[in-house]
Amino acid sequence: MRTPGRPVLVVVAHGSRDPRHAATVHALLRRVRALRPGLRVEAGFLDFNTPSVPRVLERLDAEGVREVVALPLLLTRAFHAKSDIPAVLREARARLPRLAVRQADVLGPSTLLTDALERRLYEAGLTPGDRGSTGVVLASAGSSDPEAIAVIAHVAREWRRTGWCAVRPAFASASLPRTEDAVRELRARGVRRVAVAPYVIAPGRLPDRIARGARGSGADVLADVLGPAPELARLLVLRYEAARAAREPAALSA
């Protein structure tokens, strides 16, 4: 049963033609619900999948819900977080004046995300004792937004300080280097073992490109996407609670 007075959490996902994407989003939301049984959690998609974000908000408004936290399922503040999502939420507020909508912050950067990355690497066969002899390629989807690229580079630098032999950022699109180039660069430096850690939430076209690059360049370990990792579910709850506690609704403009 939903706790009265608590805003509904609407997780805003990009969407994909790949059915694995929506399935992963829903699996993650089930884990969030298990963490917060009194919290109502809904998924809304920007494209390809249903329900769309506007339809979710319309349904909640019709049910009498009066407050929503819209949480972008994004790892960096790139175009979707700065433009697409605020535009969708602005339009919804204009049509649904009784519904208060706060936009939560994006998920990254966070040590919970690097914890989830390490979980996936260990599931793929590494052990904590392998850190000092393993170079990691932190492979993200990529972006043309300089802020997003800078965040990925920052995550790589900070993660390297936890004991990995090396951590190199790579990108599946829009930016360089590609995953395969980062793997080869680590090999050329004499790194004994190279692992690829996809810094993406759900499967799809770009994660598949990361995987092909890893395999084609002979990476020793390829981790799975973050998916419904427990650390990721905890992070969604933290971002929700931070938005809920904010005195003023988050700005719905870039």
# chains A, B, ... in the order shown; residues from 1 in each chain; ligands from 1

$ closest_atom_pairs --of "range 21-87 of chain A" --to "range 96-114 of chain A" --cutoff "6 Å" --atoms "only C-alpha atoms" --output "Markdown table"
| residue | atom | partner | partner_atom | distance |
| --- | --- | --- | --- | --- |
| A:Arg66 | CA | A:Leu99 | CA | 4.7 |
| A:Glu67 | CA | A:Ala100 | CA | 4.7 |
| A:Val68 | CA | A:Val101 | CA | 4.8 |
| A:Val69 | CA | A:Arg102 | CA | 4.8 |
| A:Ala70 | CA | A:Gln103 | CA | 4.8 |
| A:Leu71 | CA | A:Ala104 | CA | 4.8 |
| A:Pro72 | CA | A:Val106 | CA | 5.6 |
| A:Leu74 | CA | A:Val106 | CA | 5.5 |
| A:Leu75 | CA | A:Gly108 | CA | 4.6 |
| A:Thr76 | CA | A:Gly108 | CA | 5.5 |

$ write_last_selection --atoms "all heavy atoms" --output "PDB file, in the first residue's frame"
ATOM      1  N   ARG A  66      -1.150  14.273  -6.555  1.00  0.00           N
ATOM      2  CA  ARG A  66      -0.879  15.700  -6.608  1.00  0.00           C
ATOM      3  C   ARG A  66       0.608  16.043  -6.592  1.00  0.00           C
ATOM      4  O   ARG A  66       0.971  17.194  -6.753  1.00  0.00           O
ATOM      5  CB  ARG A  66      -1.591  16.409  -5.445  1.00  0.00           C
ATOM      6  CG  ARG A  66      -3.102  16.425  -5.605  1.00  0.00           C
ATOM      7  CD  ARG A  66      -3.492  17.235  -6.835  1.00  0.00           C
ATOM      8  NE  ARG A  66      -4.878  17.011  -7.255  1.00  0.00           N
ATOM      9  CZ  ARG A  66      -5.226  16.267  -8.283  1.00  0.00           C
ATOM     10  NH1 ARG A  66      -4.291  15.646  -8.995  1.00  0.00           N
ATOM     11  NH2 ARG A  66      -6.480  16.128  -8.619  1.00  0.00           N
ATOM     12  N   GLU A  67       1.479  15.072  -6.401  1.00  0.00           N
ATOM     13  CA  GLU A  67       2.911  15.371  -6.395  1.00  0.00           C
ATOM     14  C   GLU A  67       3.690  14.199  -6.969  1.00  0.00           C
ATOM     15  O   GLU A  67       3.443  13.041  -6.609  1.00  0.00           O
ATOM     16  CB  GLU A  67       3.399  15.684  -4.977  1.00  0.00           C
ATOM     17  CG  GLU A  67       4.798  16.251  -4.937  1.00  0.00           C
ATOM     18  CD  GLU A  67       5.186  16.712  -3.549  1.00  0.00           C
ATOM     19  OE1 GLU A  67       4.383  16.553  -2.605  1.00  0.00           O
ATOM     20  OE2 GLU A  67       6.323  17.208  -3.398  1.00  0.00           O
ATOM     21  N   VAL A  68       4.637  14.527  -7.853  1.00  0.00           N
ATOM     22  CA  VAL A  68       5.447  13.525  -8.548  1.00  0.00           C
ATOM     23  C   VAL A  68       6.906  13.964  -8.519  1.00  0.00           C
ATOM     24  O   VAL A  68       7.211  15.149  -8.677  1.00  0.00           O
ATOM     25  CB  VAL A  68       4.977  13.367 -10.014  1.00  0.00           C
ATOM     26  CG1 VAL A  68       6.011  12.608 -10.844  1.00  0.00           C
ATOM     27  CG2 VAL A  68       3.630  12.668 -10.074  1.00  0.00           C
ATOM     28  N   VAL A  69       7.794  13.001  -8.331  1.00  0.00           N
ATOM     29  CA  VAL A  69       9.222  13.209  -8.559  1.00  0.00           C
ATOM     30  C   VAL A  69       9.585  12.462  -9.837  1.00  0.00           C
ATOM     31  O   VAL A  69       9.431  11.239  -9.910  1.00  0.00           O
ATOM     32  CB  VAL A  69      10.071  12.715  -7.377  1.00  0.00           C
ATOM     33  CG1 VAL A  69      11.555  12.710  -7.757  1.00  0.00           C
ATOM     34  CG2 VAL A  69       9.852  13.575  -6.146  1.00  0.00           C
ATOM     35  N   ALA A  70      10.025  13.211 -10.860  1.00  0.00           N
ATOM     36  CA  ALA A  70      10.441  12.617 -12.126  1.00  0.00           C
ATOM     37  C   ALA A  70      11.955  12.448 -12.091  1.00  0.00           C
ATOM     38  O   ALA A  70      12.703  13.427 -12.004  1.00  0.00           O
ATOM     39  CB  ALA A  70      10.034  13.508 -13.292  1.00  0.00           C
ATOM     40  N   LEU A  71      12.398  11.208 -12.156  1.00  0.00           N
ATOM     41  CA  LEU A  71      13.827  10.900 -11.978  1.00  0.00           C
ATOM     42  C   LEU A  71      14.412  10.397 -13.296  1.00  0.00           C
ATOM     43  O   LEU A  71      14.047   9.320 -13.762  1.00  0.00           O
ATOM     44  CB  LEU A  71      13.986   9.850 -10.879  1.00  0.00           C
ATOM     45  CG  LEU A  71      15.374   9.688 -10.251  1.00  0.00           C
ATOM     46  CD1 LEU A  71      15.267   8.915  -8.946  1.00  0.00           C
ATOM     47  CD2 LEU A  71      16.340   8.974 -11.164  1.00  0.00           C
ATOM     48  N   PRO A  72      15.307  11.165 -13.928  1.00  0.00           N
ATOM     49  CA  PRO A  72      15.908  10.706 -15.183  1.00  0.00           C
ATOM     50  C   PRO A  72      16.792   9.473 -14.958  1.00  0.00           C
ATOM     51  O   PRO A  72      17.677   9.493 -14.111  1.00  0.00           O
ATOM     52  CB  PRO A  72      16.761  11.905 -15.625  1.00  0.00           C
ATOM     53  CG  PRO A  72      16.221  13.080 -14.875  1.00  0.00           C
ATOM     54  CD  PRO A  72      15.753  12.521 -13.566  1.00  0.00           C
ATOM     55  N   LEU A  74      19.427   8.370 -16.108  1.00  0.00           N
ATOM     56  CA  LEU A  74      20.590   8.788 -16.886  1.00  0.00           C
ATOM     57  C   LEU A  74      21.805   8.863 -15.977  1.00  0.00           C
ATOM     58  O   LEU A  74      21.686   9.221 -14.802  1.00  0.00           O
ATOM     59  CB  LEU A  74      20.349  10.164 -17.507  1.00  0.00           C
ATOM     60  CG  LEU A  74      19.162  10.284 -18.467  1.00  0.00           C
ATOM     61  CD1 LEU A  74      18.911  11.752 -18.800  1.00  0.00           C
ATOM     62  CD2 LEU A  74      19.397   9.472 -19.732  1.00  0.00           C
ATOM     63  N   LEU A  75      22.970   8.582 -16.537  1.00  0.00           N
ATOM     64  CA  LEU A  75      24.199   8.583 -15.751  1.00  0.00           C
ATOM     65  C   LEU A  75      24.913   9.928 -15.776  1.00  0.00           C
ATOM     66  O   LEU A  75      25.750  10.195 -14.914  1.00  0.00           O
ATOM     67  CB  LEU A  75      25.137   7.484 -16.262  1.00  0.00           C
ATOM     68  CG  LEU A  75      24.572   6.059 -16.173  1.00  0.00           C
ATOM     69  CD1 LEU A  75      25.551   5.067 -16.784  1.00  0.00           C
ATOM     70  CD2 LEU A  75      24.253   5.689 -14.743  1.00  0.00           C
ATOM     71  N   THR A  76      24.609  10.772 -16.774  1.00  0.00           N
ATOM     72  CA  THR A  76      25.224  12.088 -16.864  1.00  0.00           C
ATOM     73  C   THR A  76      24.176  13.118 -17.266  1.00  0.00           C
ATOM     74  O   THR A  76      23.118  12.776 -17.806  1.00  0.00           O
ATOM     75  CB  THR A  76      26.364  12.120 -17.905  1.00  0.00           C
ATOM     76  OG1 THR A  76      25.825  11.799 -19.193  1.00  0.00           O
ATOM     77  CG2 THR A  76      27.469  11.144 -17.557  1.00  0.00           C
TER      78      THR A  76
END

$ residues_around --residues "range 147-150 of chain A" --least-positions-apart "3" --cutoff "12 Å" --atoms "only C-alpha atoms" --output "ChimeraX atom specification"
/A:74-82,106,108-109,138-144,153-157,169-171,173-177

$ residues_around --residues "Gly163 in chain A" --least-positions-apart "4" --cutoff "12 Å" --atoms "only C-alpha atoms" --output "PDB file with N, CA, C and O atoms, in the first residue's frame"
ATOM      1  N   GLU A 118      31.937  -2.572 -10.271  1.00  0.00           N
ATOM      2  CA  GLU A 118      32.804  -3.618  -9.716  1.00  0.00           C
ATOM      3  C   GLU A 118      32.029  -4.910  -9.491  1.00  0.00           C
ATOM      4  O   GLU A 118      32.558  -6.012  -9.711  1.00  0.00           O
ATOM      5  N   PRO A 128      38.756  -9.251  -6.223  1.00  0.00           N
ATOM      6  CA  PRO A 128      39.401  -8.042  -5.691  1.00  0.00           C
ATOM      7  C   PRO A 128      40.921  -8.099  -5.782  1.00  0.00           C
ATOM      8  O   PRO A 128      41.572  -7.061  -5.958  1.00  0.00           O
ATOM      9  N   GLY A 129      41.500  -9.286  -5.702  1.00  0.00           N
ATOM     10  CA  GLY A 129      42.940  -9.416  -5.802  1.00  0.00           C
ATOM     11  C   GLY A 129      43.498  -9.133  -7.182  1.00  0.00           C
ATOM     12  O   GLY A 129      44.709  -8.984  -7.352  1.00  0.00           O
ATOM     13  N   ASP A 130      42.620  -9.072  -8.202  1.00  0.00           N
ATOM     14  CA  ASP A 130      43.062  -8.800  -9.574  1.00  0.00           C
ATOM     15  C   ASP A 130      43.215  -7.312  -9.872  1.00  0.00           C
ATOM     16  O   ASP A 130      43.715  -6.948 -10.946  1.00  0.00           O
ATOM     17  N   ARG A 131      42.791  -6.460  -8.969  1.00  0.00           N
ATOM     18  CA  ARG A 131      42.732  -5.036  -9.263  1.00  0.00           C
ATOM     19  C   ARG A 131      44.080  -4.454  -9.695  1.00  0.00           C
ATOM     20  O   ARG A 131      44.169  -3.707 -10.679  1.00  0.00           O
ATOM     21  N   GLY A 132      45.130  -4.787  -8.967  1.00  0.00           N
ATOM     22  CA  GLY A 132      46.427  -4.187  -9.247  1.00  0.00           C
ATOM     23  C   GLY A 132      47.035  -4.581 -10.568  1.00  0.00           C
ATOM     24  O   GLY A 132      47.928  -3.886 -11.075  1.00  0.00           O
ATOM     25  N   SER A 133      46.575  -5.671 -11.156  1.00  0.00           N
ATOM     26  CA  SER A 133      47.128  -6.129 -12.431  1.00  0.00           C
ATOM     27  C   SER A 133      46.129  -6.012 -13.579  1.00  0.00           C
ATOM     28  O   SER A 133      46.372  -6.527 -14.671  1.00  0.00           O
ATOM     29  N   THR A 134      45.011  -5.333 -13.335  1.00  0.00           N
ATOM     30  CA  THR A 134      43.963  -5.237 -14.349  1.00  0.00           C
ATOM     31  C   THR A 134      43.720  -3.781 -14.737  1.00  0.00           C
ATOM     32  O   THR A 134      43.521  -2.918 -13.881  1.00  0.00           O
ATOM     33  N   GLY A 135      43.746  -3.532 -16.045  1.00  0.00           N
ATOM     34  CA  GLY A 135      43.334  -2.241 -16.576  1.00  0.00           C
ATOM     35  C   GLY A 135      41.878  -2.321 -17.001  1.00  0.00           C
ATOM     36  O   GLY A 135      41.449  -3.320 -17.584  1.00  0.00           O
ATOM     37  N   VAL A 136      41.115  -1.290 -16.709  1.00  0.00           N
ATOM     38  CA  VAL A 136      39.683  -1.289 -17.000  1.00  0.00           C
ATOM     39  C   VAL A 136      39.364  -0.224 -18.037  1.00  0.00           C
ATOM     40  O   VAL A 136      39.842   0.917 -17.951  1.00  0.00           O
ATOM     41  N   ALA A 156      36.479   7.955 -14.323  1.00  0.00           N
ATOM     42  CA  ALA A 156      37.625   7.075 -14.595  1.00  0.00           C
ATOM     43  C   ALA A 156      38.803   7.405 -13.677  1.00  0.00           C
ATOM     44  O   ALA A 156      39.442   6.501 -13.118  1.00  0.00           O
ATOM     45  N   ARG A 157      39.085   8.702 -13.509  1.00  0.00           N
ATOM     46  CA  ARG A 157      40.214   9.086 -12.649  1.00  0.00           C
ATOM     47  C   ARG A 157      39.988   8.674 -11.199  1.00  0.00           C
ATOM     48  O   ARG A 157      40.889   8.139 -10.533  1.00  0.00           O
ATOM     49  N   GLU A 158      38.790   8.920 -10.697  1.00  0.00           N
ATOM     50  CA  GLU A 158      38.494   8.584  -9.309  1.00  0.00           C
ATOM     51  C   GLU A 158      38.493   7.077  -9.090  1.00  0.00           C
ATOM     52  O   GLU A 158      38.954   6.588  -8.046  1.00  0.00           O
ATOM     53  N   TRP A 159      37.978   6.337 -10.050  1.00  0.00           N
ATOM     54  CA  TRP A 159      37.922   4.874  -9.919  1.00  0.00           C
ATOM     55  C   TRP A 159      39.326   4.283  -9.940  1.00  0.00           C
ATOM     56  O   TRP A 159      39.623   3.333  -9.224  1.00  0.00           O
ATOM     57  N   VAL A 167      42.490   2.907 -15.521  1.00  0.00           N
ATOM     58  CA  VAL A 167      41.094   3.017 -15.957  1.00  0.00           C
ATOM     59  C   VAL A 167      41.067   4.026 -17.097  1.00  0.00           C
ATOM     60  O   VAL A 167      41.502   5.169 -16.933  1.00  0.00           O
TER      61      VAL A 167
END

$ residues_around --residues "range 5-11 of chain A" --least-positions-apart "3" --cutoff "9 Å" --atoms "only C-alpha atoms" --output "PDB file with C-alpha atoms, in the first residue's frame"
ATOM      1  CA  ARG A   2       1.306   3.453  -0.936  1.00  0.00           C
ATOM      2  CA  VAL A  25      14.055  -0.888 -16.615  1.00  0.00           C
ATOM      3  CA  LEU A  29      11.965  -0.693 -10.678  1.00  0.00           C
ATOM      4  CA  GLY A  38       5.322   2.119   0.579  1.00  0.00           C
ATOM      5  CA  LEU A  39       6.574   4.030  -2.442  1.00  0.00           C
ATOM      6  CA  ARG A  40       4.633   4.005  -5.693  1.00  0.00           C
ATOM      7  CA  VAL A  41       7.069   3.691  -8.596  1.00  0.00           C
ATOM      8  CA  GLU A  42       6.114   4.111 -12.254  1.00  0.00           C
ATOM      9  CA  ALA A  43       8.123   4.012 -15.485  1.00  0.00           C
ATOM     10  CA  GLY A  44       7.699   6.504 -18.306  1.00  0.00           C
ATOM     11  CA  PHE A  45       9.594   6.437 -21.612  1.00  0.00           C
ATOM     12  CA  VAL A  53       5.998  10.150 -19.783  1.00  0.00           C
ATOM     13  CA  VAL A  56       1.931   8.354 -17.073  1.00  0.00           C
ATOM     14  CA  LEU A  57       1.499  11.865 -15.684  1.00  0.00           C
ATOM     15  CA  LEU A  60      -1.615   9.899 -12.158  1.00  0.00           C
ATOM     16  CA  VAL A  65      -2.106  12.196  -7.374  1.00  0.00           C
ATOM     17  CA  ARG A  66      -0.879  15.700  -6.608  1.00  0.00           C
ATOM     18  CA  GLU A  67       2.911  15.371  -6.395  1.00  0.00           C
ATOM     19  CA  VAL A  68       5.447  13.525  -8.548  1.00  0.00           C
ATOM     20  CA  VAL A  69       9.222  13.209  -8.559  1.00  0.00           C
ATOM     21  CA  ALA A  70      10.441  12.617 -12.126  1.00  0.00           C
ATOM     22  CA  LEU A  71      13.827  10.900 -11.978  1.00  0.00           C
ATOM     23  CA  PRO A  72      15.908  10.706 -15.183  1.00  0.00           C
ATOM     24  CA  LEU A  73      17.364   7.227 -15.634  1.00  0.00           C
ATOM     25  CA  LEU A 236      17.408   5.821  -7.345  1.00  0.00           C
ATOM     26  CA  TYR A 240      14.211  10.502  -5.055  1.00  0.00           C
ATOM     27  CA  ARG A 244      11.526  15.163  -2.220  1.00  0.00           C
TER      28      ARG A 244
END

$ closest_residue --among "A:Asp224, A:Ala27, A:Ala34, A:Arg193" --to "Asp208 in chain A" --atoms "only C-alpha atoms"
A:Asp224

$ closest_residue --among "A:Ala245, A:Val12, A:Ile152, A:Val32" --to "Val200 in chain A" --atoms "only C-alpha atoms"
A:Ile152

$ closest_residue --among "A:Thr179, A:Arg59, A:Arg93, A:Arg119" --to "Leu232 in chain A" --atoms "only C-alpha atoms"
A:Arg119

$ residues_around --residues "Leu117 in chain A" --least-positions-apart "2" --cutoff "8 Å" --atoms "only C-alpha atoms" --output "compact mmCIF listing (two decimals) with all heavy atoms, in the first residue's frame"
# COMPACT_ATOMS: atom_id res chain seq x y z
N LEU A 113 27.63 3.88 -8.19
CA LEU A 113 27.75 3.41 -9.56
C LEU A 113 29.06 2.64 -9.77
O LEU A 113 29.07 1.61 -10.45
CB LEU A 113 27.66 4.59 -10.53
CG LEU A 113 26.27 5.21 -10.66
CD1 LEU A 113 26.32 6.49 -11.48
CD2 LEU A 113 25.28 4.22 -11.28
N THR A 114 30.16 3.14 -9.20
CA THR A 114 31.40 2.38 -9.33
C THR A 114 31.32 1.08 -8.54
O THR A 114 31.91 0.06 -8.95
CB THR A 114 32.61 3.21 -8.91
OG1 THR A 114 32.36 3.84 -7.65
CG2 THR A 114 32.91 4.28 -9.95
N ASP A 115 30.59 1.08 -7.44
CA ASP A 115 30.37 -0.19 -6.72
C ASP A 115 29.63 -1.18 -7.61
O ASP A 115 29.94 -2.39 -7.63
CB ASP A 115 29.57 0.05 -5.45
CG ASP A 115 30.35 0.77 -4.37
OD1 ASP A 115 31.59 0.86 -4.49
OD2 ASP A 115 29.73 1.25 -3.40
N ARG A 119 30.79 -4.80 -9.06
CA ARG A 119 29.95 -6.00 -8.91
C ARG A 119 29.91 -6.76 -10.23
O ARG A 119 30.09 -7.99 -10.27
CB ARG A 119 28.54 -5.61 -8.47
CG ARG A 119 27.55 -6.78 -8.50
CD ARG A 119 26.12 -6.32 -8.22
NE ARG A 119 25.99 -5.86 -6.85
CZ ARG A 119 25.74 -6.66 -5.81
NH1 ARG A 119 25.58 -7.97 -5.99
NH2 ARG A 119 25.62 -6.17 -4.59
N ARG A 120 29.67 -6.04 -11.33
CA ARG A 120 29.57 -6.69 -12.63
C ARG A 120 30.92 -7.29 -13.06
O ARG A 120 30.96 -8.37 -13.66
CB ARG A 120 29.07 -5.70 -13.68
CG ARG A 120 27.65 -5.19 -13.45
CD ARG A 120 26.65 -6.31 -13.37
NE ARG A 120 25.28 -5.85 -13.30
CZ ARG A 120 24.36 -6.37 -12.51
NH1 ARG A 120 24.68 -7.41 -11.72
NH2 ARG A 120 23.12 -5.91 -12.50
N LEU A 121 32.02 -6.60 -12.75
CA LEU A 121 33.34 -7.16 -13.10
C LEU A 121 33.61 -8.44 -12.32
O LEU A 121 34.14 -9.41 -12.87
CB LEU A 121 34.43 -6.12 -12.83
CG LEU A 121 34.51 -4.96 -13.82
CD1 LEU A 121 35.48 -3.90 -13.32
CD2 LEU A 121 34.95 -5.46 -15.20
N ALA A 197 34.20 -2.52 -18.74
CA ALA A 197 33.06 -2.32 -17.86
C ALA A 197 32.09 -1.35 -18.53
O ALA A 197 32.35 -0.14 -18.57
CB ALA A 197 33.51 -1.77 -16.51
N PRO A 198 30.97 -1.84 -19.08
CA PRO A 198 30.02 -0.94 -19.70
C PRO A 198 29.36 -0.02 -18.67
O PRO A 198 28.73 -0.49 -17.72
CB PRO A 198 28.99 -1.88 -20.33
CG PRO A 198 29.72 -3.19 -20.48
CD PRO A 198 30.62 -3.26 -19.29
N TYR A 199 29.50 1.27 -18.88
CA TYR A 199 28.90 2.28 -18.00
C TYR A 199 27.56 2.68 -18.61
O TYR A 199 27.33 3.82 -19.00
CB TYR A 199 29.84 3.47 -17.87
CG TYR A 199 29.52 4.43 -16.75
CD1 TYR A 199 29.36 4.01 -15.45
CD2 TYR A 199 29.41 5.79 -17.01
CE1 TYR A 199 29.09 4.90 -14.42
CE2 TYR A 199 29.15 6.70 -15.99
CZ TYR A 199 28.99 6.24 -14.70
OH TYR A 199 28.72 7.13 -13.68
N LEU A 226 24.94 -2.39 -16.20
CA LEU A 226 24.58 -2.21 -14.78
C LEU A 226 23.26 -2.87 -14.45
O LEU A 226 23.11 -3.52 -13.41
CB LEU A 226 24.54 -0.72 -14.46
CG LEU A 226 25.87 0.02 -14.59
CD1 LEU A 226 25.65 1.52 -14.44
CD2 LEU A 226 26.87 -0.48 -13.57

$ closest_residue --among "A:Asp47, A:Glu63, A:Glu241, A:Asp220" --to "Ala22 in chain A" --atoms "only C-alpha atoms"
A:Asp47

$ closest_residue --among "A:Val196, A:Leu206, A:Ala188, A:Ala233" --to "Leu35 in chain A" --atoms "only C-alpha atoms"
A:Ala233

$ select_by_dssp --residues "range 5-159 of chain A" --states "helix (DSSP H, G or I)" --output "PyMOL selection string"
chain A and resi 19-35+53-62+79-95+111-123+128-133+146-159

$ atom_distance --atom1 "CA of Leu235 in chain A" --atom2 "CA of Arg161 in chain A"
21.7 Å

$ select_by_dssp --residues "range 3-108 of chain A" --states "strand (DSSP E)" --output "compact mmCIF listing (two decimals) with C-alpha atoms, in the first residue's frame"
# COMPACT_ATOMS: atom_id res chain seq x y z
CA VAL A 8 4.99 9.17 -6.68
CA LEU A 9 8.33 8.31 -8.25
CA VAL A 10 8.23 8.37 -12.05
CA VAL A 11 11.46 6.98 -13.50
CA VAL A 12 12.05 8.55 -16.91
CA ALA A 13 13.85 6.15 -19.25
CA VAL A 41 7.07 3.69 -8.60
CA GLU A 42 6.11 4.11 -12.25
CA ALA A 43 8.12 4.01 -15.49
CA GLY A 44 7.70 6.50 -18.31
CA PHE A 45 9.59 6.44 -21.61
CA GLU A 67 2.91 15.37 -6.39
CA VAL A 68 5.45 13.52 -8.55
CA VAL A 69 9.22 13.21 -8.56
CA ALA A 70 10.44 12.62 -12.13
CA LEU A 71 13.83 10.90 -11.98
CA PRO A 72 15.91 10.71 -15.18
CA ALA A 100 3.30 19.29 -8.94
CA VAL A 101 6.31 17.76 -10.69
CA ARG A 102 9.89 17.91 -9.41
CA GLN A 103 12.76 16.78 -11.59

$ closest_residue --among "A:Pro230, A:Pro203, A:Gly64, A:Gly218" --to "His14 in chain A" --atoms "only C-alpha atoms"
A:Pro203
